Amino acid sequence: MHNGVKKETGGLLRPLASIIIILLVAAALIYGAFHNRTQQKSNMSGRDGGAPGEALATVALPELTPEKPEVDSSKEIVNDVLLSNVPKADFSFSFNGKLSDAAVVTRTGDEGQHNDGTYPETTEDILPLFTEGIEGDALYLDGSYGVQLSGVGALNGSYTISFWFRADEMVDWSPFLMIGSYLMDVGGSQSYLSFNKKTTEEGEDVVPVFNTIDAVFNNSCEVRPSMDHKKCIYLNEWNYITICVDDSASDLEEGRAMGYLYLNSELIGSGEVSKLNMDAENVKAYLGISCYDKLFRASYDEVHIWTHVLDESQISSMYAAYIQRNEAKG
């Protein structure tokens, strides 16, 4: 028999257990938050120059970037377009604001810009000039200097030469481009090719003319435009000049080959040319200058030389690739 309220067993333990559970849950949450914050600080320390082990643990995987397609180095690229049907030239000079593999040359002893016979020599007294070209910048000759191209080999078999040319003036016999050896050994070992302008006895301009002279076989030949109107190049206009020389024909005289002259990818003349006998150790290649003739003002761009014959489709592909972007700009 008890007075007052009867106390049940465990009445005080239930509230106490609830409080303990709440405290444990709160402690777990606090510990988790503290652990995450500590881990973040550790990661930041690794990125900011912390211990090598910590930095290594937080290095991200490298970004995956698409692989660049391999460029076919055996083909010509014009205005960023790969020409799958045109093999890369053996010798190329694009200029683009600098004379890579080329040098400014002048002559001593000039009289009225003509000379009795002197090899051009390199000079640092004259800086090359450049102007807007067909692809990037073009070389500009102002009539006071020429340019020598380095590394050009002997062209004694089949070959193709192409270049863009814009004349401010043209002079009879002065070569737009000349390649050869022993250039002043007339009647001896002289062997060369050149592009130039001539005037007929009737006063008619003939341009372009492709000349070949080889003293070994006593050959002197030229290829002119075969159309009635012989003047195919006019001042202040860009023109794409190409010559293909094929020495594979068997029905020609000894020391002769066939030459095919193109202007803006159109065949304008053909005929026999001298098969050359250049000395590989004595090859000289010039733009706008020779050992004798008057200098003149003109621009050059994209000089290419192949040691084999290009066909007409390849010549057309080169020309079209050059002019397409220029037509789009115009």
# chains A, B, ... in the order shown; residues from 1 in each chain; ligands from 1
>>> closest_atom_pairs(of="range 201-286 of chain A", to="range 107-120 of chain A", cutoff="12 Å", atoms="only C-alpha atoms", output="tab-separated table")
residue	atom	partner	partner_atom	distance
A:Lys284	CA	A:Tyr119	CA	9.5
A:Ala285	CA	A:Pro120	CA	10.6
A:Tyr286	CA	A:Pro120	CA	8.9
>>> select_by_dssp(residues="range 195-318 of chain A", states="strand (DSSP E or B)", output="number ranges by chain")
A: 195-199, 205-214, 219-223, 231, 239-246, 256-263, 266-274, 283-287, 297-306
>>> residues_around(residues="range 198-200 of chain A", least_positions_apart="5", cutoff="9 Å", atoms="only C-alpha atoms", output="MDAnalysis selection string")
chainID A and resid 171:173 205:209
>>> residues_around(residues="Val186 in chain A", least_positions_apart="4", cutoff="10 Å", atoms="only C-alpha atoms", output="PyMOL selection string")
chain A and resi 182+190-191+213-215
>>> closest_atom_pairs(of="range 212-249 of chain A", to="range 148-160 of chain A", cutoff="6 Å", atoms="only C-alpha atoms", output="CSV")
residue,atom,partner,partner_atom,distance
A:Ile243,CA,A:Thr160,CA,5.6
A:Cys244,CA,A:Thr160,CA,4.4
A:Val245,CA,A:Ser158,CA,5.3
A:Asp246,CA,A:Ser158,CA,4.7
A:Asp247,CA,A:Ser158,CA,5.3
>>> write_last_selection(atoms="N, CA and C atoms", output="compact mmCIF listing (two decimals), in the first residue's frame")
# COMPACT_ATOMS: atom_id res chain seq x y z
N ILE A 243 56.20 26.91 -117.06
CA ILE A 243 56.87 26.22 -118.16
C ILE A 243 57.07 24.76 -117.77
N CYS A 244 56.73 23.85 -118.67
CA CYS A 244 57.00 22.43 -118.48
C CYS A 244 57.97 21.98 -119.56
N VAL A 245 59.07 21.39 -119.17
CA VAL A 245 60.07 20.88 -120.12
C VAL A 245 60.14 19.36 -119.96
N ASP A 246 59.93 18.67 -121.08
CA ASP A 246 59.87 17.21 -121.08
C ASP A 246 61.00 16.68 -121.97
N ASP A 247 61.94 15.97 -121.36
CA ASP A 247 63.08 15.44 -122.12
C ASP A 247 62.90 13.98 -122.51
>>> closest_residue(among="A:Gly203, A:Gly269, A:Gly255, A:Gly97", to="Asp301 in chain A", atoms="only C-alpha atoms")
A:Gly97
>>> residues_around(residues="Tyr319 in chain A", least_positions_apart="6", cutoff="9 Å", atoms="only C-alpha atoms", output="JSON, numbers by chain")
{"A": [240, 264, 265]}
